[in-house]
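Below: the structure, in structure tokens.
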Amino acid sequence: MRLRIAVAGASGTVGRRLTALLSTDHEVLALTRSPEQAAGLGVHGRLVRADFARRDGLERVLEGADALFVATFDPVRPCHDEHLAAAAGQAGVRHVVKLSALAVTDSGAQDLITRWQRECERIWQAAGPAWTFLRARAFMSNCLDWAGAIRAGEPVRTLYGDAPNACVDPADLAEVAAHVLTGPGHGGRAYALTGPRAVSAREQVAQLAELLGRPPRHESLTEEAALARWRARYPESVARALLESARRQDAGAKAAVTRDVERVTGRPATPFEVWARANLDRFR
């Protein structure tokens with residue numbers, strides 16, 4: 001059956017891949033603040049201008065949608081999910097798939113970002129439509145932040161570079177989301193999505209270096225240096241949340257592996273080395 005599926009956050013890493021997967025068999029409404037930028041990024045579907053920070057007009061853009069995928073990031077002023085949830089309920093959306101974080105299941109995770117993710121889940125549980133949560137570990141694509149340093153032959157510098165993280169390929173997340181949005185039996189469920197093996201930043205750098213034919217170059221940052229980097233990009237509260245998250249990773253809180261990618265898609269989760277090989281040109 002052909003469905004009308006709205007994708008909120010269509011220009012993001014998962015959203016772009018998801019619109020491509022869905023657009024062959026379904027009508028896709030790609031919701032984005034900048035349809036022009038989304039077009040340049042190759043987002044599929046009908047590009048629809050939508051500002052999630054504004055409640056007005058969201059019911060109109062969701063009108064007729066059977067399902068909605070939601071990827072947001074506004075932990076300092078968390079209104080995007082509130083606005084989307086209210087609009088989805090009024091527009092008659094039947095099923096919402098929310099991209100969340102696996103940290104919400106860890107009682108020791110009390111940083112700003114994790115508390116915001118928990119609040120978003122509560123919002124959708126109370127909103128009316130059936131819900132499904134995709135609780136993900138860190139994206140493998142986060143290491144694209146290192147591409148400039150690697151291309152320049154400089155060392156990659158990270159905080160707690162030996163700490164393991166069962167990071168997940170964003171393409172796996174998109175494939176899981178496509179199955180959940182279009183198949184039966186997922187309402188009221190939460191999936192824990194990881195890669196097949198926990199890897200550290202030092203291991204990731206070494207694998208990239210091997211594929212590129214270069215010596216691995218990783219250097220550890222102090223907490224003070226890492227905070228300075230994050231403060232240059234994010235508000236203080238977010239920078240502090242990232243530090244708390246890094247400390248939990250160093251304590252082993254993000255090393256556990258699940259098989260939910262395989263349970264939903266029917267195939268094993270993608271290893272980091274496979275992701276790295278597929279994206280190697282971005283590091284050259």
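Chains: A, B, ... in order of the structure tokens. Residues: from 1 per chain. Ligands: from 1, in order shown.
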Exercise for the section: Compile the contact shell of Glu210 of chain A as a list in words: residues with an atom at most 12 Å away, counting only C-alpha atoms, same-chain residues fewer than 5 positions apart removed. Expected result: Glu203, Gln204, Val205, Pro215, Pro216, Arg217, Glu273, Ala276, Arg277 and Leu280 of chain A
Handout entry: Within 8 Å of Arg282 of chain A using only C-alpha atoms, minus same-chain residues under 2 positions, as a list in words
Key = Leu144, Ala147, Asn279, Leu280 and Arg284 of chain A
Residues just named, written with N, CA, C and O atoms as an mmCIF file, in the first residue's frame:
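selection.cif written:
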```cif
data_model
loop_
_atom_site.group_PDB
_atom_site.id
_atom_site.type_symbol
_atom_site.label_atom_id
_atom_site.label_comp_id
_atom_site.auth_asym_id
_atom_site.auth_seq_id
_atom_site.Cartn_x
_atom_site.Cartn_y
_atom_site.Cartn_z
ATOM 1 N N LEU A 144 33.198 11.980 10.509
ATOM 2 C CA LEU A 144 33.434 12.878 9.374
ATOM 3 C C LEU A 144 33.957 14.233 9.856
ATOM 4 O O LEU A 144 34.548 14.981 9.072
ATOM 5 N N ALA A 147 37.535 14.666 9.019
ATOM 6 C CA ALA A 147 37.985 14.587 7.624
ATOM 7 C C ALA A 147 38.995 15.676 7.280
ATOM 8 O O ALA A 147 39.981 15.426 6.577
ATOM 9 N N ASN A 279 32.754 5.305 2.653
ATOM 10 C CA ASN A 279 32.844 6.760 2.749
ATOM 11 C C ASN A 279 34.283 7.274 2.637
ATOM 12 O O ASN A 279 34.545 8.433 2.960
ATOM 13 N N LEU A 280 35.168 6.446 2.150
ATOM 14 C CA LEU A 280 36.594 6.769 2.181
ATOM 15 C C LEU A 280 36.936 8.014 1.372
ATOM 16 O O LEU A 280 37.827 8.789 1.758
ATOM 17 N N ARG A 284 39.782 11.618 1.703
ATOM 18 C CA ARG A 284 40.957 11.710 0.844
ATOM 19 C C ARG A 284 41.370 13.158 0.665
ATOM 20 O O ARG A 284 40.531 14.023 0.539
#
```
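Comparing the minimum interatomic distances between Ser245 of chain A and each of A:Leu159, A:Val70, A:Val61, A:Ile123, counting only C-alpha atoms, we find that A:Leu159 sits nearest.
For the set A:Ser237, A:Asn165, A:Thr182, A:Gln207, the residue with the smallest atom-to-atom gap to Val257 of chain A is A:Asn165, counting only C-alpha atoms.
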Practice task
Mind the document's chain letters and residue numbers, and return as a ChimeraX atom specification the residues of segment 11-232 of chain A that DSSP labels helix (DSSP H, G or I).
Solution key: /A:13-22,35-40,58-62,80-91,102-105,112-125,140-151,170-182,201-212,223-231
Problem - Among the residues A:Arg157, A:Val168, A:Leu18, A:Ala163, the one that comes closest to Trp275 of chain A [using only C-alpha atoms] - result: A:Val168
I'd like the contact shell of Arg202 of chain A - 8 Å cut-off, only C-alpha atoms, skipping same-chain residues fewer than 4 positions apart - returned as a PDB file with N, CA, C and O atoms, in the first residue's frame.
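Just written: part_16.pdb:
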```
ATOM      1  N   GLY A 161      40.127   8.767  23.898  1.00  0.00           N
ATOM      2  CA  GLY A 161      40.222   8.095  22.606  1.00  0.00           C
ATOM      3  C   GLY A 161      40.204   6.591  22.661  1.00  0.00           C
ATOM      4  O   GLY A 161      39.984   5.940  21.633  1.00  0.00           O
ATOM      5  N   ASP A 162      40.409   5.992  23.847  1.00  0.00           N
ATOM      6  CA  ASP A 162      40.388   4.536  23.967  1.00  0.00           C
ATOM      7  C   ASP A 162      39.054   4.010  24.503  1.00  0.00           C
ATOM      8  O   ASP A 162      38.902   2.810  24.720  1.00  0.00           O
ATOM      9  N   ALA A 206      42.747   4.308  13.254  1.00  0.00           N
ATOM     10  CA  ALA A 206      43.666   3.301  12.724  1.00  0.00           C
ATOM     11  C   ALA A 206      43.078   2.615  11.493  1.00  0.00           C
ATOM     12  O   ALA A 206      43.796   2.362  10.508  1.00  0.00           O
ATOM     13  N   HIS A 218      46.531   9.549  16.077  1.00  0.00           N
ATOM     14  CA  HIS A 218      45.521   9.955  17.047  1.00  0.00           C
ATOM     15  C   HIS A 218      46.218  10.528  18.260  1.00  0.00           C
ATOM     16  O   HIS A 218      47.226   9.999  18.731  1.00  0.00           O
TER      17      HIS A 218
END
```
Practice task
Taking the DSSP assignment computed from this structure's backbone, write out as a PyMOL selection string all residues of segment 44-241 of chain A that belong to strand (DSSP E).
Solution key: chain A and resi 46-49+67-70+95-101+130-136+156-159+189-193+218-221
Please produce a file of the residues just selected, as an mmCIF file, in the first residue's frame, where the atoms kept are C-alpha atoms.
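Once everything was written out, this is part-v3.cif:
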```
data_model
loop_
_atom_site.group_PDB
_atom_site.id
_atom_site.type_symbol
_atom_site.label_atom_id
_atom_site.label_comp_id
_atom_site.auth_asym_id
_atom_site.auth_seq_id
_atom_site.Cartn_x
_atom_site.Cartn_y
_atom_site.Cartn_z
ATOM 1 C CA ARG A 46 8.322 16.729 -2.108
ATOM 2 C CA LEU A 47 10.283 19.406 -0.273
ATOM 3 C CA VAL A 48 8.047 21.268 2.178
ATOM 4 C CA ARG A 49 9.133 24.354 4.096
ATOM 5 C CA ALA A 67 3.076 8.388 9.265
ATOM 6 C CA LEU A 68 5.744 10.770 10.509
ATOM 7 C CA PHE A 69 9.459 10.343 11.153
ATOM 8 C CA VAL A 70 10.947 12.835 13.640
ATOM 9 C CA HIS A 95 2.055 6.528 13.518
ATOM 10 C CA VAL A 96 5.133 8.477 14.619
ATOM 11 C CA VAL A 97 8.685 7.126 14.574
ATOM 12 C CA LYS A 98 10.972 9.184 16.801
ATOM 13 C CA LEU A 99 14.764 9.058 16.572
ATOM 14 C CA SER A 100 15.949 8.971 20.181
ATOM 15 C CA ALA A 101 19.106 7.985 22.063
ATOM 16 C CA ALA A 130 0.978 5.254 17.842
ATOM 17 C CA TRP A 131 4.685 5.719 18.547
ATOM 18 C CA THR A 132 7.921 3.844 17.981
ATOM 19 C CA PHE A 133 11.286 4.956 19.387
ATOM 20 C CA LEU A 134 14.572 4.282 17.626
ATOM 21 C CA ARG A 135 17.131 4.563 20.425
ATOM 22 C CA ALA A 136 20.509 4.852 18.755
ATOM 23 C CA VAL A 156 42.897 13.388 14.985
ATOM 24 C CA ARG A 157 42.415 14.644 18.526
ATOM 25 C CA THR A 158 39.619 13.290 20.719
ATOM 26 C CA LEU A 159 38.716 13.061 24.385
ATOM 27 C CA ARG A 189 7.903 -0.481 20.786
ATOM 28 C CA ALA A 190 11.409 0.896 21.328
ATOM 29 C CA TYR A 191 14.431 -0.462 19.460
ATOM 30 C CA ALA A 192 17.993 -0.255 20.770
ATOM 31 C CA LEU A 193 20.197 0.288 17.719
ATOM 32 C CA HIS A 218 45.521 9.955 17.047
ATOM 33 C CA GLU A 219 46.191 12.229 19.989
ATOM 34 C CA SER A 220 44.222 12.519 23.213
ATOM 35 C CA LEU A 221 42.653 15.762 24.359
#
```
Practice task
Name the residues in contact with Thr32 of chain A at a cut-off of 7 Å, using only C-alpha atoms, excluding same-chain residues fewer than 4 positions from it; report them as a ChimeraX atom specification.
Solution key: /A:8-11,48-50
Exercise for the section: Would you list the contacts of Ala269 of chain A as a PyMOL selection string, taking every protein, DNA or RNA residue within 10 Å and counting only C-alpha atoms, but skipping same-chain residues closer than 2 positions in sequence? Expected result: chain A and resi 168-169+171-173+193-197+258-263+265-267+271-272
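With only C-alpha atoms as the atoms that count, the minimum distance from Asp111 of chain A to the choices A:Cys167, A:Val76, A:Leu29, A:Arg4 is reached by A:Val76.
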